[in-house]
Structure formats: structure tokens, C-alpha cells
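Data file: input-v3.pdb. Format and content: PDB, C-alpha atoms and all ligand atoms.
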```
ATOM      1  CA  MET A   1     -36.633 -18.035  65.098
ATOM      2  CA  ASP A   2     -33.290 -18.307  66.850
ATOM      3  CA  PRO A   3     -33.263 -15.173  69.119
ATOM      4  CA  SER A   4     -29.595 -14.575  68.264
ATOM      5  CA  LYS A   5     -30.680 -14.126  64.621
ATOM      6  CA  GLU A   6     -33.337 -11.504  65.344
ATOM      7  CA  PRO A   7     -32.787  -8.244  63.498
ATOM      8  CA  SER A   8     -32.968  -4.859  65.184
ATOM      9  CA  LYS A   9     -36.745  -4.646  64.752
ATOM     10  CA  PRO A  10     -38.164  -3.772  68.189
ATOM     11  CA  ASN A  11     -36.448  -0.455  68.889
ATOM     12  CA  TYR A  12     -36.970   1.015  65.435
ATOM     13  CA  GLU A  13     -40.544  -0.271  65.355
ATOM     14  CA  SER A  14     -41.679   1.934  68.257
ATOM     15  CA  LEU A  15     -39.915   4.965  66.713
ATOM     16  CA  TYR A  16     -41.613   4.356  63.377
ATOM     17  CA  GLN A  17     -45.090   4.044  64.896
ATOM     18  CA  GLU A  18     -44.786   7.716  65.920
ATOM     19  CA  PHE A  19     -42.828   8.799  62.831
ATOM     20  CA  GLU A  20     -45.444  11.118  61.282
ATOM     21  CA  SER A  21     -46.812  12.548  64.539
ATOM     22  CA  PRO A  22     -46.783  16.378  64.777
ATOM     23  CA  LEU A  23     -44.065  16.203  67.455
ATOM     24  CA  MET A  24     -41.757  13.967  65.396
ATOM     25  CA  ARG A  25     -42.216  16.155  62.314
ATOM     26  CA  GLU A  26     -41.390  19.252  64.336
ATOM     27  CA  LEU A  27     -38.303  17.558  65.788
ATOM     28  CA  ARG A  28     -37.066  16.600  62.320
ATOM     29  CA  ARG A  29     -37.663  20.088  60.918
ATOM     30  CA  ASP A  30     -35.820  21.576  63.869
ATOM     31  CA  ALA A  31     -32.996  19.072  63.706
ATOM     32  CA  TYR A  32     -32.363  18.798  59.964
ATOM     33  CA  GLY A  33     -33.631  22.078  58.526
ATOM     34  CA  GLU A  34     -34.919  20.071  55.558
ATOM     35  CA  ASP A  35     -37.091  17.157  56.689
ATOM     36  CA  ILE A  36     -37.247  14.616  53.877
ATOM     37  CA  GLY A  37     -38.454  11.837  56.188
ATOM     38  CA  GLN A  38     -35.023  10.352  56.783
ATOM     39  CA  HIS A  39     -34.315   8.350  59.896
ATOM     40  CA  SER A  40     -30.566   8.301  59.563
ATOM     41  CA  TRP A  41     -27.602  10.645  59.253
ATOM     42  CA  VAL A  42     -28.536  11.480  55.664
ATOM     43  CA  ARG A  43     -28.308  15.139  54.670
ATOM     44  CA  ALA A  44     -30.824  16.053  51.956
ATOM     45  CA  SER A  45     -28.180  18.123  50.147
ATOM     46  CA  ASP A  46     -26.022  14.990  49.590
ATOM     47  CA  LEU A  47     -28.757  13.155  47.671
ATOM     48  CA  PRO A  48     -28.704  14.952  44.288
ATOM     49  CA  ARG A  49     -24.943  14.312  43.986
ATOM     50  CA  ASP A  50     -25.481  10.712  45.060
ATOM     51  CA  ALA A  51     -28.118  10.282  42.347
ATOM     52  CA  ALA A  52     -25.543  11.490  39.793
ATOM     53  CA  ARG A  53     -22.969   9.059  41.236
ATOM     54  CA  LEU A  54     -25.446   6.200  40.776
ATOM     55  CA  GLY A  55     -26.243   7.294  37.227
ATOM     56  CA  ILE A  56     -29.997   6.780  37.731
ATOM     57  CA  SER A  57     -32.498   8.323  35.371
ATOM     58  CA  ALA A  58     -36.283   8.395  34.902
ATOM     59  CA  ASP A  59     -37.851   4.919  34.524
ATOM     60  CA  ASP A  60     -34.894   3.162  36.196
ATOM     61  CA  LEU A  61     -35.696   0.923  39.162
ATOM     62  CA  LEU A  62     -33.914   2.002  42.351
ATOM     63  CA  LEU A  63     -33.675  -0.431  45.268
ATOM     64  CA  ASP A  64     -33.349   0.923  48.821
ATOM     65  CA  LEU A  65     -32.094  -1.688  51.293
ATOM     66  CA  GLY A  66     -33.231  -0.820  54.823
ATOM     67  CA  CYS A  67     -35.363   2.023  53.464
ATOM     68  CA  GLY A  68     -37.029   2.812  56.818
ATOM     69  CA  PRO A  69     -39.920   5.263  56.204
ATOM     70  CA  CYS A  70     -38.718   5.750  52.591
ATOM     71  CA  GLY A  71     -37.534   9.365  53.072
ATOM     72  CA  PRO A  72     -34.402   9.291  50.868
ATOM     73  CA  LEU A  73     -36.035   6.834  48.418
ATOM     74  CA  THR A  74     -39.141   8.987  47.793
ATOM     75  CA  PHE A  75     -36.974  12.138  47.638
ATOM     76  CA  LEU A  76     -34.927  10.553  44.818
ATOM     77  CA  MET A  77     -38.032   9.171  43.072
ATOM     78  CA  LYS A  78     -39.681  12.594  43.128
ATOM     79  CA  SER A  79     -36.614  14.448  41.826
ATOM     80  CA  ILE A  80     -35.539  11.892  39.195
ATOM     81  CA  GLY A  81     -38.798  10.301  38.117
ATOM     82  CA  CYS A  82     -37.488   6.776  38.708
ATOM     83  CA  HIS A  83     -39.316   3.778  40.186
ATOM     84  CA  GLY A  84     -38.523   2.642  43.720
ATOM     85  CA  PHE A  85     -38.439  -0.632  45.631
ATOM     86  CA  GLY A  86     -37.995  -0.356  49.396
ATOM     87  CA  VAL A  87     -37.083  -3.245  51.661
ATOM     88  CA  ASP A  88     -37.056  -3.072  55.450
ATOM     89  CA  VAL A  89     -37.639  -5.365  58.388
ATOM     90  CA  SER A  90     -40.079  -2.881  59.979
ATOM     91  CA  ALA A  91     -43.720  -2.987  58.862
ATOM     92  CA  ALA A  92     -44.406   0.338  60.639
ATOM     93  CA  ALA A  93     -41.612   2.002  58.638
ATOM     94  CA  LEU A  94     -42.991   0.698  55.360
ATOM     95  CA  SER A  95     -46.520   1.928  56.061
ATOM     96  CA  ALA A  96     -45.087   5.383  56.948
ATOM     97  CA  GLY A  97     -43.127   5.124  53.676
ATOM     98  CA  LEU A  98     -46.238   4.421  51.601
ATOM     99  CA  ALA A  99     -48.017   7.392  53.234
ATOM    100  CA  ARG A 100     -45.041   9.596  52.348
ATOM    101  CA  ALA A 101     -45.100   8.310  48.752
ATOM    102  CA  ARG A 102     -48.808   9.238  48.523
ATOM    103  CA  SER A 103     -48.162  12.703  49.933
ATOM    104  CA  LEU A 104     -45.487  13.255  47.257
ATOM    105  CA  GLY A 105     -47.623  11.821  44.446
ATOM    106  CA  VAL A 106     -45.189   8.981  43.647
ATOM    107  CA  GLU A 107     -47.326   6.104  45.004
ATOM    108  CA  GLY A 108     -47.798   4.652  41.515
ATOM    109  CA  ARG A 109     -44.036   4.124  41.147
ATOM    110  CA  ILE A 110     -43.144   2.574  44.531
ATOM    111  CA  LYS A 111     -43.256  -0.948  45.907
ATOM    112  CA  VAL A 112     -42.205  -1.903  49.407
ATOM    113  CA  GLN A 113     -41.650  -5.281  50.994
ATOM    114  CA  GLU A 114     -40.982  -6.398  54.524
ATOM    115  CA  ALA A 115     -37.837  -8.539  54.538
ATOM    116  CA  ASN A 116     -34.839  -9.315  56.668
ATOM    117  CA  LEU A 117     -31.626  -8.479  54.831
ATOM    118  CA  ASP A 118     -29.850 -11.228  56.751
ATOM    119  CA  GLY A 119     -31.826 -13.534  54.439
ATOM    120  CA  GLN A 120     -32.722 -13.308  50.737
ATOM    121  CA  ILE A 121     -33.686 -10.064  48.999
ATOM    122  CA  PRO A 122     -37.213 -10.724  47.638
ATOM    123  CA  LEU A 123     -36.357  -9.848  44.029
ATOM    124  CA  ASP A 124     -35.401 -11.692  40.853
ATOM    125  CA  ALA A 125     -31.800 -11.857  39.716
ATOM    126  CA  ASN A 126     -30.616  -9.129  37.365
ATOM    127  CA  SER A 127     -33.699  -6.936  37.830
ATOM    128  CA  ILE A 128     -32.472  -3.685  39.448
ATOM    129  CA  ASP A 129     -30.759  -0.638  37.881
ATOM    130  CA  ALA A 130     -29.195   0.864  41.029
ATOM    131  CA  ALA A 131     -29.248   0.418  44.800
ATOM    132  CA  ILE A 132     -28.761   2.471  47.946
ATOM    133  CA  SER A 133     -28.455   1.470  51.573
ATOM    134  CA  LEU A 134     -28.126   4.359  53.993
ATOM    135  CA  ASP A 135     -26.883   3.674  57.520
ATOM    136  CA  VAL A 136     -28.106   0.074  57.551
ATOM    137  CA  VAL A 137     -25.132  -2.303  57.114
ATOM    138  CA  LEU A 138     -24.006  -1.915  60.728
ATOM    139  CA  HIS A 139     -27.230  -3.710  61.738
ATOM    140  CA  LEU A 140     -26.590  -6.738  59.511
ATOM    141  CA  ARG A 141     -25.070  -9.918  60.852
ATOM    142  CA  ASP A 142     -23.180 -10.818  57.667
ATOM    143  CA  ARG A 143     -22.673  -7.941  55.267
ATOM    144  CA  LEU A 144     -20.786 -10.082  52.744
ATOM    145  CA  HIS A 145     -23.942 -12.197  52.431
ATOM    146  CA  ALA A 146     -25.990  -8.989  51.940
ATOM    147  CA  PHE A 147     -23.568  -7.639  49.303
ATOM    148  CA  LEU A 148     -23.713 -10.992  47.455
ATOM    149  CA  GLU A 149     -27.499 -10.722  47.472
ATOM    150  CA  VAL A 150     -27.310  -7.171  46.098
ATOM    151  CA  ALA A 151     -24.937  -8.427  43.393
ATOM    152  CA  ARG A 152     -27.480 -11.110  42.480
ATOM    153  CA  VAL A 153     -30.387  -8.680  41.993
ATOM    154  CA  LEU A 154     -28.464  -5.835  40.288
ATOM    155  CA  LYS A 155     -27.917  -5.702  36.546
ATOM    156  CA  ARG A 156     -24.306  -5.988  35.439
ATOM    157  CA  GLY A 157     -22.569  -2.577  35.525
ATOM    158  CA  ALA A 158     -25.187  -1.222  37.967
ATOM    159  CA  ARG A 159     -24.077   0.773  40.982
ATOM    160  CA  LEU A 160     -24.578   0.504  44.738
ATOM    161  CA  LEU A 161     -24.092   3.462  47.080
ATOM    162  CA  PHE A 162     -24.111   2.763  50.796
ATOM    163  CA  THR A 163     -23.102   4.467  54.013
ATOM    164  CA  ASP A 164     -21.749   2.898  57.179
ATOM    165  CA  ALA A 165     -21.763   4.990  60.370
ATOM    166  CA  GLY A 166     -19.855   2.304  62.282
ATOM    167  CA  VAL A 167     -16.267   2.474  60.982
ATOM    168  CA  VAL A 168     -13.851   2.432  63.926
ATOM    169  CA  THR A 169     -11.148   5.021  63.274
ATOM    170  CA  GLY A 170      -9.930   5.506  66.847
ATOM    171  CA  SER A 171     -10.556   4.026  70.275
ATOM    172  CA  ILE A 172     -14.070   3.560  71.645
ATOM    173  CA  SER A 173     -15.047   2.333  75.098
ATOM    174  CA  ASN A 174     -17.420  -0.463  76.123
ATOM    175  CA  GLU A 175     -19.792   2.200  77.485
ATOM    176  CA  GLU A 176     -19.834   3.997  74.134
ATOM    177  CA  VAL A 177     -20.396   0.739  72.245
ATOM    178  CA  ALA A 178     -23.355  -0.042  74.549
ATOM    179  CA  ALA A 179     -24.861   3.439  74.133
ATOM    180  CA  ARG A 180     -24.333   3.369  70.350
ATOM    181  CA  SER A 181     -26.084  -0.029  70.072
ATOM    182  CA  MET A 182     -29.427   1.141  71.494
ATOM    183  CA  HIS A 183     -31.302   0.245  68.290
ATOM    184  CA  GLY A 184     -30.352  -3.419  68.617
ATOM    185  CA  PHE A 185     -27.742  -5.606  66.950
ATOM    186  CA  SER A 186     -24.856  -3.398  65.748
ATOM    187  CA  GLN A 187     -21.510  -4.357  64.272
ATOM    188  CA  PHE A 188     -18.611  -1.915  64.127
ATOM    189  CA  CYS A 189     -15.778  -2.524  61.700
ATOM    190  CA  ALA A 190     -12.232  -1.503  60.850
ATOM    191  CA  PRO A 191     -11.366   0.713  57.848
ATOM    192  CA  GLY A 192     -10.914  -1.504  54.785
ATOM    193  CA  PHE A 193     -13.432  -4.137  55.950
ATOM    194  CA  ASN A 194     -16.296  -2.847  53.777
ATOM    195  CA  GLU A 195     -13.978  -2.390  50.788
ATOM    196  CA  ARG A 196     -12.809  -6.026  51.022
ATOM    197  CA  ALA A 197     -16.355  -7.403  51.428
ATOM    198  CA  ILE A 198     -17.739  -5.397  48.518
ATOM    199  CA  GLU A 199     -14.877  -6.446  46.211
ATOM    200  CA  GLN A 200     -15.366 -10.068  47.292
ATOM    201  CA  ALA A 201     -19.053  -9.809  46.351
ATOM    202  CA  GLY A 202     -18.114  -8.898  42.767
ATOM    203  CA  PHE A 203     -18.126  -5.093  42.869
ATOM    204  CA  SER A 204     -15.369  -2.587  42.112
ATOM    205  CA  ILE A 205     -15.087   0.352  44.493
ATOM    206  CA  LEU A 206     -15.330   3.617  42.542
ATOM    207  CA  GLU A 207     -15.263   6.121  45.392
ATOM    208  CA  THR A 208     -15.284   6.465  49.165
ATOM    209  CA  GLU A 209     -15.981   9.634  51.136
ATOM    210  CA  ASN A 210     -15.899  10.463  54.811
ATOM    211  CA  ARG A 211     -19.408  11.691  55.739
ATOM    212  CA  THR A 212     -18.927  12.100  59.468
ATOM    213  CA  ALA A 213     -19.692  15.831  59.158
ATOM    214  CA  ALA A 214     -23.285  15.061  58.087
ATOM    215  CA  LEU A 215     -23.680  12.689  61.032
ATOM    216  CA  LEU A 216     -22.377  15.340  63.434
ATOM    217  CA  GLU A 217     -24.716  17.944  61.998
ATOM    218  CA  ASN A 218     -27.760  15.648  62.277
ATOM    219  CA  ALA A 219     -26.904  14.268  65.718
ATOM    220  CA  THR A 220     -26.231  17.735  67.180
ATOM    221  CA  GLY A 221     -29.463  19.039  65.617
ATOM    222  CA  ARG A 222     -31.451  16.063  66.925
ATOM    223  CA  LEU A 223     -30.035  16.406  70.438
ATOM    224  CA  SER A 224     -30.844  20.096  70.739
ATOM    225  CA  ALA A 225     -34.297  19.696  69.116
ATOM    226  CA  ARG A 226     -35.115  16.898  71.584
ATOM    227  CA  GLN A 227     -33.889  18.955  74.509
ATOM    228  CA  LYS A 228     -36.522  21.587  73.703
ATOM    229  CA  HIS A 229     -39.266  18.948  74.007
ATOM    230  CA  VAL A 230     -38.134  16.852  76.977
ATOM    231  CA  ALA A 231     -41.515  16.915  78.749
ATOM    232  CA  GLU A 232     -43.457  15.552  75.712
ATOM    233  CA  LEU A 233     -40.694  13.049  74.946
ATOM    234  CA  GLU A 234     -40.626  11.788  78.510
ATOM    235  CA  ARG A 235     -44.364  11.096  78.310
ATOM    236  CA  LEU A 236     -43.809   9.183  75.070
ATOM    237  CA  GLU A 237     -40.556   7.350  75.796
ATOM    238  CA  GLY A 238     -40.577   7.180  79.610
ATOM    239  CA  ALA A 239     -37.796   8.696  81.717
ATOM    240  CA  GLY A 240     -35.450   5.737  81.080
ATOM    241  CA  GLY A 241     -36.081   5.725  77.327
ATOM    242  CA  LEU A 242     -35.532   9.465  77.055
ATOM    243  CA  ALA A 243     -32.263   9.302  79.018
ATOM    244  CA  ARG A 244     -31.054   6.361  76.872
ATOM    245  CA  TYR A 245     -31.782   8.191  73.630
ATOM    246  CA  GLN A 246     -30.076  11.403  74.759
ATOM    247  CA  ASP A 247     -27.097   9.319  75.914
ATOM    248  CA  TYR A 248     -26.997   7.610  72.521
ATOM    249  CA  LEU A 249     -26.861  10.972  70.731
ATOM    250  CA  ARG A 250     -24.182  12.326  73.105
ATOM    251  CA  SER A 251     -22.035   9.222  72.481
ATOM    252  CA  VAL A 252     -22.498   9.485  68.706
ATOM    253  CA  ILE A 253     -21.396  13.131  68.858
ATOM    254  CA  ALA A 254     -18.434  12.529  71.186
ATOM    255  CA  MET A 255     -17.056   9.638  69.080
ATOM    256  CA  ALA A 256     -17.482  11.585  65.831
ATOM    257  CA  GLU A 257     -15.899  14.754  67.251
ATOM    258  CA  ARG A 258     -12.723  12.968  68.251
ATOM    259  CA  GLY A 259     -12.619  10.975  65.013
ATOM    260  CA  ALA A 260     -13.065   7.621  66.777
ATOM    261  CA  LEU A 261     -16.165   6.362  64.935
ATOM    262  CA  SER A 262     -16.651   7.541  61.353
ATOM    263  CA  ARG A 263     -19.464   7.502  58.829
ATOM    264  CA  MET A 264     -18.229   6.496  55.385
ATOM    265  CA  MET A 265     -19.888   6.507  51.962
ATOM    266  CA  TYR A 266     -18.969   3.800  49.420
ATOM    267  CA  LEU A 267     -19.837   3.838  45.724
ATOM    268  CA  ALA A 268     -19.379   0.513  43.957
ATOM    269  CA  GLU A 269     -20.094  -0.910  40.484
ATOM    270  CA  LEU A 270     -21.003  -4.519  39.737
ATOM    271  CA  ARG A 271     -18.289  -6.099  37.582
TER     272      ARG A 271
HETATM  273  C1  LIG B 301     -30.826   4.131  60.558
HETATM  274  S1  LIG B 301     -32.265   3.431  59.838
HETATM  275  C2  LIG B 301     -32.088   4.051  58.173
HETATM  276  C3  LIG B 301     -33.384   4.138  57.412
HETATM  277  C4  LIG B 301     -33.282   4.753  56.004
HETATM  278  N1  LIG B 301     -32.235   4.120  55.223
HETATM  279  C5  LIG B 301     -33.066   6.246  56.050
HETATM  280  O1  LIG B 301     -31.977   6.695  55.611
HETATM  281  O2  LIG B 301     -33.948   6.968  56.508
HETATM  282  C6  LIG B 301     -31.806   1.712  59.667
HETATM  283  C7  LIG B 301     -32.903   0.856  59.059
HETATM  284  O3  LIG B 301     -32.417  -0.467  58.856
HETATM  285  C8  LIG B 301     -33.482  -1.371  59.099
HETATM  286  N2  LIG B 301     -32.895  -2.690  59.404
HETATM  287  C9  LIG B 301     -32.113  -3.021  60.443
HETATM  288  N3  LIG B 301     -31.769  -4.323  60.371
HETATM  289  C10 LIG B 301     -32.370  -4.820  59.254
HETATM  290  C11 LIG B 301     -32.421  -6.115  58.640
HETATM  291  N4  LIG B 301     -31.760  -7.136  59.153
HETATM  292  N5  LIG B 301     -33.134  -6.258  57.494
HETATM  293  C12 LIG B 301     -33.814  -5.209  56.953
HETATM  294  N6  LIG B 301     -33.799  -3.970  57.488
HETATM  295  C13 LIG B 301     -33.095  -3.776  58.615
HETATM  296  C14 LIG B 301     -34.211  -0.762  60.285
HETATM  297  O4  LIG B 301     -35.530  -1.252  60.421
HETATM  298  C15 LIG B 301     -34.136   0.724  59.936
HETATM  299  O5  LIG B 301     -35.261   1.137  59.201
END
```

Could you render the structure from this file as C-alpha cells?
Amino acid sequence: MDPSKEPSKPNYESLYQEFESPLMRELRRDAYGEDIGQHSWVRASDLPRDAARLGISADDLLLDLGCGPCGPLTFLMKSIGCHGFGVDVSAAALSAGLARARSLGVEGRIKVQEANLDGQIPLDANSIDAAISLDVVLHLRDRLHAFLEVARVLKRGARLLFTDAGVVTGSISNEEVAARSMHGFSQFCAPGFNERAIEQAGFSILETENRTAALLENATGRLSARQKHVAELERLEGAGGLARYQDYLRSVIAMAERGALSRMMYLAELR
């Protein structure tokens, strides 16, 4: 594989191998209040309203692009009764996701598949009732290609809800860009870029919402939870890894606080 085409697998992979360890669970509980197994800036309280936005109901098939350990997907499956299909490039994330599905009793309604969203989505055309993609698009090399793929697999009139934590709404420095990119390939974009790409892929934008507050809440919670466990984290991540992660969170917080890098939600319907 051309190394320039490699997705952001390595950094997330090591995080996901430890995802269900007692320490990681405690950190998530401390950081988020409600740990639904998310590895993103998702706030559990946003999900029921998002489900209503998507118009999903029991028996529908919900696709999660870049599902990670399937936290938001299994939360929605459990509360709505729908079926779920999770796609991610990380095998470790997907096995954590299947374990979570079993613990919630929804394992009979979930399928997961390892796939790179820079390529084809491993699904038939016109087979999906709704799709989500939470804090993933900034890792994709060509999001128009990904949106065209989503348009191919969704049924006509179906909805896609996605969030992008990389919308540049102020000035950001090279140091901040480097710190923010610690998970691997990351692409930051101007306001309006996602709207144009999604329209070009055949969707109509129904709603956008600034969700930087949820990111700030999660990042601040994660930073202070991690600070309480520095000794254990240093053993796990090494001194350099620990410093890099704390630096990443501080940069995320600083850019969000001054309104320089925003997290946006987009709701779109396939025309
Ligand atoms: C911030 S995490 C979000 C995970 C999940 N959506 C959640 O809310 O918990 C981003 C996810 O995108 C996945 N990812 C990054 N690049 C990808 C690619 N090219 N194809 C598929 N998944 C990718 C990563 O493995 C990671 O699980």
C-alpha cells in the first residue's frame, strides 16, 4: 500500500486495545459522566435528539461510518431497537464494539466490518435506512468520495448525520495543527466546505449546528480525569506518549475556547 494512503490506524489501534480496561473505563466515567463507550466528542445527551433528526425507528438499518468501539451505535440500537452496521479501519475497535454489543444484549442486531472509508463501503447500493459518522471525516483523504459512497448505499430520502471537529473558524498555528493531528492523517477545512461536498454528493443539507460546547466539555473532562491518573498512564503510554496526549487535549481546548477550531454537526437528506 502506498504509505501516503495509509489511514490513521496505528494511533487509534493502541488506544482501542486498552479500551475496556478498568483504568480506561474509570477515565471515561470521570470525564464524560455518562460513559456510553464513545471515543469522540459525542455527548450522550445529544444522541436521542439526533435519532429523531435521522427519523430512525425499530427494524431500520443504521450505518455508522468510523464507528470505533461502537459506543454511539450500540447506544442508539439499544434505545431504538434498530439494527446496526459498523465500519471502521481498526480491528481492535470493532472487537471492543462487539463485546459492548454483547454486554447490552444487542449482539443479534449488529454487524461490523473492517474497511477503509477512503475506499468502497462494503455494502450494496440502496440498502441502508440512515447513517451517522461522528468525528471521523477529518481523518479521510477525500470526503467527497466518502459522501458519494454513502449516497450509493443509502436509500433515497434517507438521512446522514455527521460531525466534523476540524472546521477552521479562526487562526490556528502550525504547532496547534501538529498537536491536533496526533491520531494520524487529519484534514482541517473552511466553513462551507462540508456543505458544498455533501450537496455535490446528492444530499440536501437540512440543518447544521455548532457542537463545540460538547467538545470542550469532553476535552476538559478527559484532561482532568487523565491528570488524576498520570502515574498509571505514564506506565501505559510512556512519558513521551503521555505528554503528547495531554498536549493534544490542551490544544483542542485552547482552539475551541477562542473559537478558532469548531465542531459542527450536519444533517443531510439524500435527494
Ligand atoms: C474520533 S474516533 C470516533 C469513533 C466513533 N465514531 C465514536 O464516536 O466513538 C475516529 C474513528 O475513525 C476511524 N477512522 C479513521 N480513519 C478511517 C478510515 N480511513 N476508514 C475507516 N475508519 C477510519 C478511526 O479508526 C476511529 O475509530

Go through chain A and flag each residue having an atom no more than 6 Å from ligand LIG 301 (chain B); for those, report the closest pair of atoms plus their distance in Å to one decimal, using all atoms listed in the file, ordered by chain and rising number, as a tab-separated table.
```
residue	atom	partner	partner_atom	distance
A:Pro7	CA	B:LIG301	N4	4.6
A:Ser8	CA	B:LIG301	N3	5.0
A:Lys9	CA	B:LIG301	O4	5.6
A:Tyr12	CA	B:LIG301	O4	5.7
A:Gln38	CA	B:LIG301	O2	3.6
A:His39	CA	B:LIG301	O2	3.7
A:Ser40	CA	B:LIG301	C1	4.3
A:Val42	CA	B:LIG301	O1	5.9
A:Gly66	CA	B:LIG301	O3	4.1
A:Cys67	CA	B:LIG301	N1	4.2
A:Gly68	CA	B:LIG301	O5	3.4
A:Gly71	CA	B:LIG301	O2	5.5
A:Pro72	CA	B:LIG301	O1	5.9
A:Asp88	CA	B:LIG301	N6	3.9
A:Val89	CA	B:LIG301	C12	4.1
A:Ser90	CA	B:LIG301	O4	4.9
A:Ala115	CA	B:LIG301	C12	5.8
A:Asn116	CA	B:LIG301	N5	3.6
A:Leu117	CA	B:LIG301	N5	3.8
A:Asp118	CA	B:LIG301	N4	5.1
A:Ser133	CA	B:LIG301	N1	5.9
A:Leu134	CA	B:LIG301	N1	4.3
A:Asp135	CA	B:LIG301	C1	5.0
A:Val136	CA	B:LIG301	O3	4.5
A:His139	CA	B:LIG301	N3	4.8
A:Leu140	CA	B:LIG301	N4	5.2
```

Q.
For the provided coordinates, the residues matched by the PyMOL selection byres (((chain A and resi 245-247) around 9) and not hetatm) should be stated as a PyMOL selection string.
A. chain A and resi 179-180+182+223+226-227+240-244+248-252

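Taking only C-alpha atoms into account, Lys111 (chain A) lies nearest to A:Cys70 out of the set A:Cys70, A:Met24, A:Ala130, A:Ala92.
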
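Atom pair CA of Trp41 (chain A) / CA of Ile253 (chain A): separated by 11.7 Å.
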
What lies within 8 Å of region 187-201 of chain A using all atoms listed in the file, ignoring chain neighbours under 4 positions off, as JSON, numbers by chain? {"A": [138, 139, 140, 141, 143, 144, 147, 148, 151, 166, 167, 168, 169, 205, 268]}
